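Presented below is the structure to which this report refers.
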Amino acid sequence: MLRFFKQNYPIRNLFFFLGEGFFISLSLMFAYSFKSFIEIGNFDLTFLYKTLLITFVIQTCLYYAGLYNIESIHRVKDICLRLLQSLGTAVILL
């Protein structure tokens with residue numbers, strides 16, 4: 001267990017969080033390079049800031065929707081509903 005802000009978190013949540021952040025950022029980079037015909041390593045600094053902001057907002061919305069707490073979700077319908085709600089909130093915020 002990790003202790004962060006006087007609250008305990010399982011280590012697997014850290015791996016979920018970091019892995020998901022990596023894949024969100026990577027998908028944004030691939031989409032941008034596909035759209036703009038730019039090589040993957042040739043991004044400007046403002047794009048990297050935007051990628052970090054988008055990743056942070058999406059992951060924050062996923063966290064507040066309760067999608068990182070595996071024990072609280074029992075049905076696929078609940079997962080889909082929470083995912084749609086969190087991504088809709090992220091789109092509105094962005």
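The way I read the labels, and the way they are meant: chains A, B, ... in the order of the structure tokens, residue 1 as the first residue of every chain, and ligand 1 as the first ligand shown, with later ones counted on from there.
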### Message
Could you go through chain A and tell me which residues DSSP, when run on the backbone, assigns to strand (DSSP E), listing them as a ChimeraX atom specification?
### Response
/A:2-4,7-9
#### Entry: Which of chain A DSSP labels helix (DSSP H, G or I), written as a ChimeraX atom specification
/A:11-36,45-64,70-72,76-93
### Query
Hey, what's within 12 Å of Lys50 of chain A if we count only C-alpha atoms and toss same-chain stuff fewer than 4 positions away? As JSON, numbers by chain, please?
{"A": [25, 28, 29, 32, 43, 44, 45, 46, 54, 55, 56, 57, 94]}
### Query
Which residues, written as an MDAnalysis selection string, have at least one atom at most 12 Å from Leu87 of chain A, with only C-alpha atoms counted and residues fewer than 3 positions away on the same chain left out?
chainID A and resid 54:55 57:65 67 80:84 90:94
### Message
as a list of chain:residue names, please: the residues near Asn69 of chain A (cut-off 10 Å, only C-alpha atoms, same-chain neighbours under 6 positions excluded).
### Response
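Once the adjacent positions are removed, what remains is A:Tyr9, A:Pro10, A:Asn13, A:Tyr63.
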